[in-house]
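File shown here: input12.cif, holding mmCIF, C-alpha atoms.
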data_query
loop_
_atom_site.label_atom_id
_atom_site.label_comp_id
_atom_site.auth_asym_id
_atom_site.auth_seq_id
_atom_site.Cartn_x
_atom_site.Cartn_y
_atom_site.Cartn_z
CA MET G 1 94.10 23.43 -4.90
CA TYR G 2 91.00 24.06 -2.82
CA ASP G 3 88.68 21.07 -2.87
CA ILE G 4 85.00 21.87 -3.32
CA ALA G 5 83.90 18.40 -4.44
CA ASP G 6 80.14 17.75 -4.34
CA VAL G 7 79.17 21.35 -3.57
CA LEU G 8 78.38 22.44 -7.13
CA PRO G 9 76.59 20.26 -9.74
CA ALA G 10 78.56 17.26 -11.00
CA GLY G 11 80.58 18.06 -14.11
CA THR G 12 81.05 21.75 -13.24
CA ILE G 13 83.91 22.52 -10.85
CA SER G 14 85.28 20.44 -8.02
CA GLU G 15 88.37 22.42 -7.10
CA LEU G 16 89.64 26.00 -7.22
CA GLU G 17 93.09 27.47 -7.75
CA PRO G 18 94.77 29.11 -4.74
CA GLY G 19 94.33 32.87 -4.91
CA THR G 20 90.85 32.68 -6.47
CA SER G 21 88.01 34.91 -5.30
CA LEU G 22 84.42 34.18 -6.30
CA LEU G 23 81.29 36.27 -6.02
CA ILE G 24 78.00 34.48 -5.38
CA ALA G 25 75.14 36.58 -6.74
CA GLY G 26 71.42 35.97 -6.46
CA PRO G 27 68.15 37.40 -5.20
CA ALA G 28 67.06 37.18 -1.57
CA MET G 29 66.27 33.63 -0.38
CA SER G 30 68.00 32.01 -3.35
CA GLY G 31 70.51 30.22 -1.13
CA LYS G 32 73.57 32.47 -1.49
CA GLN G 33 74.63 32.14 2.11
CA ASP G 34 74.00 28.37 2.10
CA LEU G 35 76.17 27.93 -0.94
CA ALA G 36 78.89 30.22 0.46
CA LEU G 37 78.98 28.24 3.72
CA ASN G 38 79.07 24.95 1.82
CA LEU G 39 82.04 26.13 -0.24
CA LEU G 40 83.79 27.38 2.88
CA ALA G 41 83.00 24.38 5.09
CA ALA G 42 84.25 21.96 2.43
CA GLY G 43 87.76 22.99 3.52
CA LEU G 44 87.30 21.81 7.07
CA ASP G 45 87.55 18.19 5.95
CA GLY G 46 91.05 18.98 4.83
CA ALA G 47 93.54 21.14 6.64
CA ASN G 48 92.15 24.54 5.68
CA GLY G 49 91.34 27.33 8.08
CA LEU G 50 88.17 29.37 7.78
CA LEU G 51 87.93 33.12 8.24
CA ILE G 52 84.44 34.55 7.93
CA VAL G 53 83.44 38.20 7.96
CA THR G 54 79.75 38.27 8.85
CA THR G 55 77.72 41.44 8.50
CA ASN G 56 74.21 40.24 9.29
CA GLU G 57 74.50 37.08 11.27
CA SER G 58 76.12 36.86 14.70
CA ALA G 59 79.29 34.81 15.16
CA ALA G 60 77.25 32.34 17.25
CA ALA G 61 74.72 31.81 14.44
CA CYS G 62 77.58 31.43 12.00
CA LEU G 63 79.13 28.74 14.18
CA ASP G 64 75.79 26.91 14.35
CA ASP G 65 75.60 26.99 10.55
CA LEU G 66 79.03 25.42 10.30
CA GLU G 67 78.31 22.77 12.91
CA GLN G 68 75.30 21.67 10.90
CA ARG G 69 77.62 21.05 7.97
CA VAL G 70 80.69 19.54 9.58
CA THR G 71 80.69 16.67 12.03
CA SER G 72 83.02 17.30 14.97
CA LEU G 73 83.99 20.78 13.86
CA ASP G 74 87.53 21.72 14.86
CA HIS G 75 86.94 25.07 16.54
CA ASP G 76 90.60 26.03 16.29
CA ARG G 77 90.30 26.27 12.57
CA VAL G 78 87.48 28.81 12.51
CA GLY G 79 87.73 32.56 13.04
CA VAL G 80 84.89 35.05 12.71
CA VAL G 81 84.90 38.82 12.33
CA ASP G 82 81.45 39.75 13.61
CA CYS G 83 80.21 43.17 12.52
CA SER G 84 76.53 42.29 12.85
CA GLY G 85 76.20 44.34 16.02
CA SER G 86 75.01 41.30 17.95
CA SER G 87 75.52 41.23 21.69
CA GLN G 88 75.40 37.47 22.20
CA GLN G 89 79.04 37.35 23.24
CA GLN G 90 78.41 34.71 25.89
CA SER G 91 76.94 32.21 23.47
CA ILE G 92 80.13 31.87 21.46
CA ARG G 93 81.99 28.99 22.90
CA ASP G 94 85.55 28.72 21.83
CA ILE G 95 86.05 30.08 18.36
CA ALA G 96 88.22 33.10 17.81
CA THR G 97 85.96 36.10 17.32
CA GLN G 98 86.80 39.70 16.53
CA ARG G 99 84.05 42.23 16.98
CA VAL G 100 83.69 45.29 14.81
CA SER G 101 81.04 47.84 15.73
CA SER G 102 79.69 48.40 12.21
CA PRO G 103 79.97 46.90 8.72
CA GLY G 104 81.00 50.39 7.64
CA ASP G 105 84.20 50.19 9.69
CA LEU G 106 86.45 48.66 7.05
CA THR G 107 89.62 49.52 8.97
CA GLY G 108 88.23 47.57 11.94
CA ILE G 109 87.33 44.65 9.68
CA SER G 110 90.81 44.58 8.17
CA ILE G 111 92.45 44.65 11.60
CA GLY G 112 90.13 41.84 12.77
CA THR G 113 90.96 39.63 9.80
CA ALA G 114 94.69 40.35 10.16
CA LYS G 115 94.61 39.31 13.81
CA LEU G 116 92.79 36.08 13.02
CA MET G 117 95.21 35.34 10.20
CA GLN G 118 98.12 35.74 12.59
CA GLN G 119 96.45 33.25 14.87
CA PHE G 120 96.12 30.77 12.01
CA THR G 121 99.74 31.31 11.02
CA SER G 122 100.85 30.56 14.58
CA GLN G 123 98.96 27.24 14.31
CA ASP G 124 100.73 26.51 11.00
CA ILE G 125 97.50 26.80 9.04
CA SER G 126 98.46 28.45 5.78
CA SER G 127 95.58 27.52 3.47
CA LEU G 128 92.73 29.81 4.34
CA ARG G 129 89.21 30.11 2.98
CA HIS G 130 87.85 33.62 3.41
CA GLY G 131 84.14 34.35 3.49
CA LEU G 132 82.46 37.74 3.35
CA VAL G 133 78.68 37.67 3.76
CA SER G 134 77.63 40.02 2.42
CA VAL G 135 78.92 42.73 0.09
CA SER G 136 75.34 44.07 -0.09
CA THR G 137 75.47 45.09 3.56
CA LEU G 138 78.72 46.98 2.98
CA LEU G 139 76.94 48.82 0.17
CA GLN G 140 74.22 49.88 2.58
CA TYR G 141 76.82 51.59 4.77
CA LEU G 142 79.32 52.89 2.24
CA ASP G 143 79.34 54.24 -1.29
CA LEU G 144 80.19 51.95 -4.18
CA GLU G 145 83.56 53.58 -4.72
CA THR G 146 84.77 52.84 -1.18
CA VAL G 147 83.43 49.27 -1.27
CA PHE G 148 85.09 48.75 -4.65
CA LYS G 149 88.45 49.94 -3.32
CA PHE G 150 88.13 47.69 -0.27
CA LEU G 151 87.27 44.67 -2.39
CA HIS G 152 90.28 45.38 -4.58
CA ILE G 153 92.57 45.41 -1.55
CA TYR G 154 90.95 42.40 0.10
CA THR G 155 90.87 40.14 -2.96
CA THR G 156 94.49 41.10 -3.68
CA ARG G 157 95.36 40.01 -0.16
CA ILE G 158 93.59 36.70 -0.73
CA SER G 159 95.52 36.28 -3.95
CA ASP G 160 98.87 37.30 -2.38
CA THR G 161 98.37 34.80 0.45
CA GLN G 162 97.16 31.99 -1.84
CA GLY G 163 93.80 31.84 -0.12
CA LEU G 164 90.30 31.24 -1.44
CA GLY G 165 87.68 33.99 -1.28
CA ILE G 166 83.89 33.47 -1.27
CA PHE G 167 81.79 36.65 -1.19
CA THR G 168 78.04 37.12 -1.64
CA ILE G 169 75.90 39.89 -3.11
CA ASP G 170 72.18 40.37 -3.68
CA ASN G 171 71.91 41.07 -7.39
CA VAL G 172 68.33 42.34 -7.23
CA SER G 173 68.77 45.13 -4.72
CA HIS G 174 71.56 46.76 -6.77
CA ASP G 175 71.48 47.93 -10.37
CA PRO G 176 73.30 45.87 -13.04
CA GLN G 177 75.98 48.53 -13.33
CA THR G 178 76.84 48.19 -9.64
CA ILE G 179 76.99 44.40 -9.90
CA ASN G 180 79.14 44.72 -13.00
CA THR G 181 81.54 47.12 -11.25
CA VAL G 182 81.85 44.90 -8.19
CA MET G 183 82.31 41.83 -10.41
CA ASN G 184 85.51 43.37 -11.79
CA GLU G 185 87.23 42.48 -8.52
CA PHE G 186 86.48 38.77 -8.75
CA ASP G 187 87.88 35.91 -10.81
CA GLY G 188 84.48 34.39 -11.30
CA MET G 189 80.83 34.57 -10.41
CA ILE G 190 78.32 31.98 -9.32
CA GLU G 191 74.77 33.12 -10.07
CA LEU G 192 71.79 31.66 -8.30
CA ARG G 193 68.09 31.82 -9.07
CA GLU G 194 64.94 30.02 -8.13
CA THR G 195 62.51 28.86 -10.82
CA GLU G 196 58.74 29.30 -10.55
CA THR G 197 58.47 25.73 -9.33
CA GLY G 198 60.91 26.47 -6.52
CA GLU G 199 63.89 24.72 -8.03
CA ARG G 200 67.32 26.28 -7.41
CA LYS G 201 69.51 26.84 -10.45
CA VAL G 202 73.14 27.80 -10.66
CA ARG G 203 75.30 29.33 -13.40
CA ILE G 204 79.09 29.66 -13.28
CA ARG G 205 80.95 32.43 -15.09
CA GLY G 206 84.62 33.24 -15.45
CA ILE G 207 86.07 29.95 -14.23
CA PRO G 208 88.09 28.11 -16.91
CA ASP G 209 86.53 24.81 -18.03
CA ALA G 210 83.28 25.32 -16.16
CA PRO G 211 80.28 24.73 -18.46
CA SER G 212 78.14 27.78 -19.11
CA GLY G 213 74.37 27.78 -18.78
CA TRP G 214 71.96 27.20 -15.92
CA GLN G 215 72.09 23.91 -14.07
CA PRO G 216 69.98 22.55 -11.23
CA LEU G 217 71.77 22.87 -7.89
CA MET E 1 117.69 69.78 -2.41
CA ASN E 2 115.02 71.14 -0.18
CA ASP E 3 112.41 72.65 -2.43
CA SER E 4 108.87 73.28 -1.32
CA ASP E 5 107.45 70.36 -3.34
CA ALA E 6 109.45 67.80 -1.36
CA PRO E 7 107.32 65.57 0.85
CA VAL E 8 107.22 66.63 4.48
CA VAL E 9 108.47 64.30 7.21
CA LEU E 10 107.93 65.14 10.86
CA ILE E 11 110.45 63.56 13.24
CA VAL E 12 109.30 63.25 16.84
CA GLU E 13 112.37 62.29 18.85
CA ASP E 14 113.58 63.57 22.19
CA GLU E 15 117.27 62.78 21.68
CA PRO E 16 118.76 65.54 19.50
CA ASP E 17 121.67 63.40 18.24
CA VAL E 18 119.32 60.70 17.03
CA ALA E 19 116.93 63.20 15.43
CA GLU E 20 119.84 64.90 13.66
CA THR E 21 120.98 61.61 12.22
CA TYR E 22 117.52 60.89 10.85
CA GLU E 23 117.35 64.37 9.38
CA ARG E 24 120.69 63.89 7.62
CA TRP E 25 119.53 60.58 6.16
CA LEU E 26 116.31 62.17 4.94
CA GLN E 27 117.83 65.40 3.63
CA ASP E 28 116.08 65.22 0.27
CA TYR E 29 112.76 65.62 2.09
CA ASP E 30 111.36 68.63 3.86
CA VAL E 31 112.14 67.52 7.41
CA ARG E 32 110.69 69.06 10.55
CA ARG E 33 111.83 68.10 14.04
CA VAL E 34 110.15 68.24 17.41
CA GLU E 35 111.08 66.70 20.77
CA THR E 36 107.76 66.09 22.48
CA GLY E 37 104.33 64.74 21.72
CA ASP E 38 102.68 68.05 22.54
CA SER E 39 104.79 69.96 20.07
CA ALA E 40 104.21 67.23 17.47
CA LEU E 41 100.46 67.76 17.73
CA ALA E 42 100.95 71.51 17.58
CA GLN E 43 102.99 71.14 14.37
CA LEU E 44 100.56 68.76 12.72
CA ASP E 45 98.77 70.07 9.63
CA GLU E 46 97.77 68.95 6.12
CA THR E 47 101.25 69.53 4.77
CA ILE E 48 102.75 66.64 6.74
CA ASP E 49 102.95 63.38 4.81
CA VAL E 50 104.80 61.08 7.17
CA VAL E 51 105.44 61.13 10.92
CA LEU E 52 108.30 59.19 12.49
CA LEU E 53 107.20 58.82 16.06
CA ASP E 54 109.44 57.60 18.85
CA ARG E 55 107.67 55.21 21.16
CA MET E 56 109.33 56.41 24.35
CA LEU E 57 108.83 60.13 24.67
CA PRO E 58 108.99 62.22 27.83
CA GLY E 59 105.48 63.24 28.86
CA MET E 60 102.93 62.18 26.29
CA SER E 61 103.76 58.70 24.93
CA GLY E 62 103.99 57.79 21.25
CA ALA E 63 100.79 55.77 21.55
CA ASP E 64 98.91 58.77 22.99
CA VAL E 65 100.20 61.03 20.24
CA LEU E 66 99.07 58.52 17.65
CA ALA E 67 95.61 58.22 19.20
CA GLU E 68 95.30 62.02 19.01
CA ILE E 69 96.40 62.03 15.38
CA ARG E 70 93.94 59.30 14.44
CA SER E 71 91.02 60.96 16.16
CA GLY E 72 91.63 64.23 14.33
CA ALA E 73 90.96 65.35 10.79
CA ILE E 74 94.57 65.20 9.56
CA ASP E 75 95.33 62.02 7.69
CA CYS E 76 98.99 61.23 7.58
CA ARG E 77 101.01 58.05 7.76
CA VAL E 78 102.70 57.29 11.05
CA ALA E 79 105.63 54.95 11.66
CA MET E 80 106.57 54.03 15.18
CA VAL E 81 110.26 54.02 15.99
CA THR E 82 110.77 51.56 18.79
CA ALA E 83 113.51 49.62 20.55
CA VAL E 84 111.22 46.70 21.40
CA ASP E 85 109.66 44.47 18.76
CA PRO E 86 106.06 45.63 18.96
CA SER E 87 104.53 42.58 17.18
CA PHE E 88 100.87 42.98 16.39
CA ASP E 89 100.18 45.80 18.81
CA ILE E 90 101.26 48.47 16.40
CA ILE E 91 98.59 47.50 13.89
CA GLU E 92 95.86 47.57 16.50
CA MET E 93 97.11 50.87 17.86
CA GLY E 94 96.83 52.36 14.39
CA PHE E 95 100.47 52.66 13.32
CA ASP E 96 101.14 52.13 9.63
CA GLU E 97 104.66 50.78 10.04
CA TYR E 98 107.34 50.40 12.62
CA VAL E 99 111.08 50.79 12.53
CA THR E 100 113.20 49.05 15.13
CA LYS E 101 115.68 51.23 16.92
CA PRO E 102 118.38 52.00 16.09
CA PRO E 103 117.39 51.99 12.43
CA ASP E 104 120.00 52.08 9.70
CA ARG E 105 119.87 54.59 6.87
CA GLU E 106 118.39 52.20 4.32
CA GLN E 107 115.71 50.93 6.67
CA LEU E 108 114.56 54.40 7.60
CA ARG E 109 114.52 55.64 4.02
CA GLU E 110 112.66 52.56 2.77
CA THR E 111 110.00 52.99 5.42
CA VAL E 112 109.46 56.65 4.54
CA GLU E 113 109.38 55.85 0.82
CA ARG E 114 106.89 53.03 1.30
CA LEU E 115 104.58 55.30 3.28
CA LEU E 116 104.85 58.11 0.72
CA HIS E 117 104.10 55.63 -2.00
CA ARG E 118 101.02 54.48 -0.13
CA ALA E 119 99.84 58.07 0.12
CA THR E 120 99.11 57.90 -3.61
CA LEU E 121 97.06 54.69 -3.32
CA ASN E 122 93.68 56.26 -2.73
CA GLY E 123 93.98 58.55 -5.73
CA GLU E 124 95.07 55.70 -7.96
CA LEU E 125 92.27 53.44 -6.77
CA GLN E 126 89.83 56.27 -7.33
CA GLU E 127 90.89 56.65 -10.94
CA TYR E 128 90.85 52.90 -11.44
CA TYR E 129 87.34 52.77 -9.99
CA SER E 130 86.04 55.50 -12.29
CA LEU E 131 87.39 53.64 -15.34
CA VAL E 132 85.85 50.35 -14.22
CA ALA E 133 82.54 52.06 -13.40
CA ARG E 134 82.55 53.67 -16.83
CA ARG E 135 83.13 50.34 -18.53
CA ALA E 136 80.33 48.83 -16.43
CA ALA E 137 78.05 51.65 -17.59
CA LEU E 138 78.87 51.00 -21.25
CA GLU E 139 78.41 47.27 -20.75
CA SER E 140 74.97 47.68 -19.28
CA GLU E 141 74.02 50.09 -22.05
CA PHE E 142 75.22 48.32 -25.17
CA THR E 143 75.17 44.78 -26.51
CA GLU E 144 78.40 42.83 -26.83
CA ASP E 145 78.38 43.23 -30.62
CA ARG E 146 78.17 46.99 -30.40
CA LEU E 147 80.88 47.14 -27.76
CA GLU E 148 83.26 45.15 -29.94
CA SER E 149 83.18 47.80 -32.63
CA ASN E 150 83.37 50.68 -30.16
CA ASP E 151 86.76 52.44 -30.04
CA GLU E 152 86.14 54.14 -26.73
CA TYR E 153 85.35 50.78 -25.18
CA ALA E 154 88.51 49.17 -26.54
CA GLN E 155 90.62 52.04 -25.20
CA LEU E 156 88.90 51.84 -21.86
CA VAL E 157 89.64 48.13 -21.55
CA GLU E 158 93.30 48.83 -22.27
CA ARG E 159 93.50 51.70 -19.79
CA ILE E 160 91.89 49.56 -17.10
CA GLU E 161 94.53 46.89 -17.56
CA SER E 162 97.47 49.25 -17.37
CA HIS E 163 95.91 51.07 -14.45
CA GLN E 164 95.40 47.88 -12.55
CA ALA E 165 99.10 47.11 -12.85
CA ASP E 166 99.93 50.56 -11.43
CA VAL E 167 97.48 50.19 -8.55
CA ASP E 168 98.79 46.75 -7.65
CA GLU E 169 102.35 48.02 -7.66
CA THR E 170 101.41 50.89 -5.34
CA MET E 171 99.50 48.60 -2.99
CA GLY E 172 102.68 46.67 -2.25
CA ASP E 173 102.70 43.31 -0.55
CA MET E 174 99.16 42.55 0.60
CA ALA E 175 100.38 39.41 2.35
CA SER E 176 101.90 41.78 4.93
CA ASP E 177 99.46 42.54 7.77
CA SER E 178 100.64 46.09 8.30
CA GLU E 179 100.61 46.96 4.60
CA PHE E 180 97.13 45.46 4.21
CA VAL E 181 95.63 47.35 7.15
CA GLY E 182 97.51 50.49 6.09
CA ALA E 183 96.03 50.27 2.59
CA VAL E 184 92.48 49.96 3.97
CA ARG E 185 93.07 52.83 6.38
CA GLU E 186 94.24 54.91 3.44
CA ILE E 187 90.96 54.48 1.53
CA MET E 188 88.86 55.06 4.65
CA ASP E 189 90.64 58.25 5.71
CA ASP E 190 89.81 59.84 2.41
CA SER E 191 86.42 58.27 1.79
CA SER E 192 84.40 61.18 3.09
CA GLY E 193 83.51 63.78 0.53
CA THR E 194 84.75 62.01 -2.61
CA ASP E 195 81.53 60.43 -3.83
CA ALA E 196 79.12 62.91 -5.38
CA SER E 197 81.18 64.14 -8.35
CA ASP E 198 82.21 60.66 -9.49
CA GLY E 199 78.66 59.47 -9.46
CA ASP E 200 77.66 62.28 -11.79
CA GLU E 201 80.48 61.52 -14.15
CA PHE E 202 79.19 58.15 -15.21
CA THR E 203 75.52 59.02 -15.07
CA ASP E 204 76.18 61.46 -17.89
CA LEU E 205 77.77 58.78 -19.98
CA THR E 206 74.79 56.49 -19.90
CA GLU E 207 72.08 59.07 -20.50
#
Now that the file is in, can you turn its structure into structure tokens?
Amino acid sequence: MYDIADVLPAGTISELEPGTSLLIAGPAMSGKQDLALNLLAAGLDGANGLLIVTTNESAAACLDDLEQRVTSLDHDRVGVVDCSGSSQQQSIRDIATQRVSSPGDLTGISIGTAKLMQQFTSQDISSLRHGLVSVSTLLQYLDLETVFKFLHIYTTRISDTQGLGIFTIDNVSHDPQTINTVMNEFDGMIELRETETGERKVRIRGIPDAPSGWQPL
Amino acid sequence: MNDSDAPVVLIVEDEPDVAETYERWLQDYDVRRVETGDSALAQLDETIDVVLLDRMLPGMSGADVLAEIRSGAIDCRVAMVTAVDPSFDIIEMGFDEYVTKPPDREQLRETVERLLHRATLNGELQEYYSLVARRAALESEFTEDRLESNDEYAQLVERIESHQADVDETMGDMASDSEFVGAVREIMDDSSGTDASDGDEFTDLTE
């Protein structure tokens, strides 16, 4: 089981079955990336490895985000596929990074993740949390059909390797039909929204035993 | 059995004895044989499904031939035949599979079959996608109550399930690095020029 204790509201879910992939959906600035990183970083307390595909943020920024969450981060357990187009190569200290020229290069992304996974395997790390932030960027570069096919292949890989997948999507910049189609590839969805008073709320769908309805995050 | 519908396998191997052996093992396919990289590229066209490419060729190397294939418009599956264990390199170079030399009959046939099987993946995923997109369209159009009593919807849900099983069988073992990257390459090779018509298909349904 993948431990996610204390990330989501008490009484919802505190662990996830190996092979699960979740989609975090919410409008801009609703905390999707924060929540994704919290769910991913929760594994660094245990013996999990972390493999993040980042489309907007550079690998260096991603590493900073993780260091804010985990005291004495073990750099050997983090790998990043950076397709943000950033050129800050020098600022990445010692985490394994694979660069892909564009978020539209799905073959490059798959090769990058496969290389990082081999590295984890050689370190005997078999429980991997996979992050992909974000699906929305892929949809800016590729048509829905291609992104759908890729998500089918990638979430199947996560399931076949007993990993945990955490993906994000902006559910305001795409129509409901697109979100619904993408959702087909995931075991469950975590929706986020911000109330008028600025409070963040979360709703979990598709995960057995998780209470339905909006809860404060 | 060598009818024109049989999948086409191009063997690129400079040792005639070895190439003949492969051809015998693959006799139920339409096999073509060449001895150099240059002639392989000259032979390459849309009809070729799988290329068995020897790593050590006189003149142009297997890796160079592959790079040429990948940079061109022809999308076919390429297995490297090599005496040395190539480890991860083959994936980065763009090979779909590798066979260690000398291969045995079963090994060679399994590799060719796996690659031919994968050739159908994009089409199957495309059909699966259009079913899922259609269901998504119905779901955003109608309330849950109305969907429950809708026969088309019920059939669609059933078809999606059986299709998913087919797709997953075709995908193979996604825990394997080469099969995973090969599957993604398969959807990317064909991704240009497939979009417009599908989009129209489900727009009609919702209007």
Two-atom distance - CA of Gly188 in chain G, CA of Leu156 in chain E (Å):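 Here the two named atoms are 20.9 Å from each other.
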Selected residue of minimal separation from chain G among E:Leu41, E:Val12, E:Ala79, E:Ala165, counting all atoms listed in the file: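 Ranking E:Leu41, E:Val12, E:Ala79, E:Ala165 by distance to chain G, first place goes to E:Ala165.
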Evaluate the PyMOL selection byres ((chain E) within 7 of (chain G)) and report residues as a ChimeraX atom specification: /E:92,125,129,132-133,136-137,140,174-175,177,181,184-185,187,191
Distance of CA of Ala42 in chain E from CA of Met60 in chain E, expressed in Å to one decimal place: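 Value for the CA of Met60 in chain E-CA of Ala42 in chain E distance: 12.9 Å.
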Separation of CA of Gln98 in chain G from CA of Arg70 in chain E in Å: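 The value is 21.0 Å.
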Top pick for closest residue to Leu192 in chain G, considering G:Ala25, G:Leu8, G:Leu63, G:Leu132 and counting all atoms listed in the file: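 Between G:Ala25, G:Leu8, G:Leu63, G:Leu132, the residue approaching Leu192 in chain G most closely is G:Ala25.
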Neighbour list for Arg77 in chain E as a list in words, cut-off 10 Å, only C-alpha atoms, skip fewer than 2 positions in-chain: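 The neighbour list is Val9, Ile48, Asp49, Val50, Val51, Leu52, Ile69, Arg70, Ile74, Asp75, Ala79, Gly94, Phe95, Asp96, Glu97, Val112, Leu115, Leu116, Arg118, Ala119, Gly182, Arg185 and Glu186 of chain E.
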Please expand the PyMOL selection byres ((chain E and resi 103-107) around 10) into the concrete residues it hits in this file, giving the result as a PDB file with C-alpha atoms, in the coordinates of the input.
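Below is the file selection.pdb, written as the result:
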ATOM      1  CA  THR E  21     120.980  61.610  12.220  1.00  0.00           C
ATOM      2  CA  TYR E  22     117.520  60.890  10.850  1.00  0.00           C
ATOM      3  CA  ARG E  24     120.690  63.890   7.620  1.00  0.00           C
ATOM      4  CA  TRP E  25     119.530  60.580   6.160  1.00  0.00           C
ATOM      5  CA  LEU E  26     116.310  62.170   4.940  1.00  0.00           C
ATOM      6  CA  VAL E  81     110.260  54.020  15.990  1.00  0.00           C
ATOM      7  CA  THR E  82     110.770  51.560  18.790  1.00  0.00           C
ATOM      8  CA  ALA E  83     113.510  49.620  20.550  1.00  0.00           C
ATOM      9  CA  VAL E  99     111.080  50.790  12.530  1.00  0.00           C
ATOM     10  CA  THR E 100     113.200  49.050  15.130  1.00  0.00           C
ATOM     11  CA  LYS E 101     115.680  51.230  16.920  1.00  0.00           C
ATOM     12  CA  PRO E 102     118.380  52.000  16.090  1.00  0.00           C
ATOM     13  CA  LEU E 108     114.560  54.400   7.600  1.00  0.00           C
ATOM     14  CA  ARG E 109     114.520  55.640   4.020  1.00  0.00           C
ATOM     15  CA  GLU E 110     112.660  52.560   2.770  1.00  0.00           C
ATOM     16  CA  THR E 111     110.000  52.990   5.420  1.00  0.00           C
ATOM     17  CA  VAL E 112     109.460  56.650   4.540  1.00  0.00           C
ATOM     18  CA  GLU E 113     109.380  55.850   0.820  1.00  0.00           C
TER      19      GLU E 113
END
Residues proximal to (101.1, 46.4, -3.4) were defined as those with any atom within 9 Å of that point in the file's coordinates, counting all atoms listed in the file. Which are they, as a compact mmCIF listing (two decimals) with C-alpha atoms, keeping the file's coordinate frame?
# COMPACT_ATOMS: atom_id res chain seq x y z
CA ILE G 153 92.57 45.41 -1.55
CA THR G 156 94.49 41.10 -3.68
CA ARG E 118 101.02 54.48 -0.13
CA VAL E 167 97.48 50.19 -8.55
CA ASP E 168 98.79 46.75 -7.65
CA GLU E 169 102.35 48.02 -7.66
CA THR E 170 101.41 50.89 -5.34
CA MET E 171 99.50 48.60 -2.99
CA GLY E 172 102.68 46.67 -2.25
CA ASP E 173 102.70 43.31 -0.55
CA MET E 174 99.16 42.55 0.60
CA GLU E 179 100.61 46.96 4.60
CA PHE E 180 97.13 45.46 4.21
CA ALA E 183 96.03 50.27 2.59
May I have the centre and edge lengths, in Å to one decimal, of an axis-aligned box around the listed atoms of range 53-72 of chain E with 3 Å added to every side, as JSON?
{"center_x": 100.2, "center_y": 59.7, "center_z": 21.6, "size_x": 24.4, "size_y": 15.0, "size_z": 20.5}
10 Å contact set for Ser87 in chain G, only C-alpha atoms, chain neighbours under 6 positions out, as JSON, numbers by chain: {"G": [58, 59, 99]}
Spatial neighbours of Glu194 in chain G, max dist 12 Å, all atoms listed in the file, sep filter under 5 positions, as a list in words: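 My list of contacting residues is Gly26, Pro27, Ala28, Met29, Ser30, Gly31, Lys32, Glu199, Arg200, Lys201, Val202, Arg203, Trp214, Gln215, Pro216 and Leu217 of chain G.
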Answer key for the PyMOL selection byres ((chain G and resi 78-81) around 8), residues as a VMD selection string: chain G and resid 49 to 54 59 74 to 77 82 to 83 95 to 100 109 112 to 113 116
Residues within 8 Å of Ser134 in chain G, only C-alpha atoms, excluding chain neighbours under 5 positions, as JSON, numbers by chain: {"G": [54, 55, 56, 167, 168, 169]}
Closest of G:Asp170, G:Glu196, G:Ser122, G:Ile190 to Ala210 in chain G - atom-to-atom distances counting all atoms listed in the file: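 Using all atoms listed in the file, the shortest distance to Ala210 in chain G belongs to G:Ile190.
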Using all atoms listed in the file: which of E:Glu148, E:Glu139, E:Glu127, E:Glu46 has the shortest distance to Gln164 in chain E: E:Glu127
Polymer residues at most 9 Å from Val157 in chain E, all atoms listed in the file, same-chain spacing of 3 or more positions, as a PyMOL selection string: chain E and resi 131-132+135+152-154+160-162
Pick from E:Ile90, E:Gly123, E:Arg146, E:Ser130 nearest to Ser178 in chain E, counting only C-alpha atoms: E:Ile90
Starting from the structure just given, write a file holding range 23-28 of chain E with N, CA, C and O atoms, as a CSV table (one decimal), in the first residue's frame.
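Done, and the output landed in selection.csv:
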chain,number,residue,atom,x,y,z
E,23,GLU,N,14.8,-16.7,-43.2
E,23,GLU,CA,13.8,-16.8,-44.2
E,23,GLU,C,13.0,-18.1,-44.1
E,23,GLU,O,11.7,-18.1,-44.2
E,24,ARG,N,13.7,-19.2,-43.8
E,24,ARG,CA,13.0,-20.5,-43.7
E,24,ARG,C,12.1,-20.5,-42.5
E,24,ARG,O,11.0,-20.9,-42.5
E,25,TRP,N,12.6,-19.9,-41.4
E,25,TRP,CA,11.8,-19.9,-40.2
E,25,TRP,C,10.6,-19.0,-40.3
E,25,TRP,O,9.6,-19.2,-39.6
E,26,LEU,N,10.7,-18.0,-41.2
E,26,LEU,CA,9.6,-17.1,-41.3
E,26,LEU,C,8.8,-17.3,-42.6
E,26,LEU,O,8.3,-16.4,-43.2
E,27,GLN,N,8.8,-18.5,-43.1
E,27,GLN,CA,8.3,-18.8,-44.5
E,27,GLN,C,6.8,-18.5,-44.6
E,27,GLN,O,6.3,-18.3,-45.8
E,28,ASP,N,6.0,-18.4,-43.5
E,28,ASP,CA,4.6,-18.0,-43.7
E,28,ASP,C,4.4,-16.5,-43.8
E,28,ASP,O,3.3,-16.0,-44.0
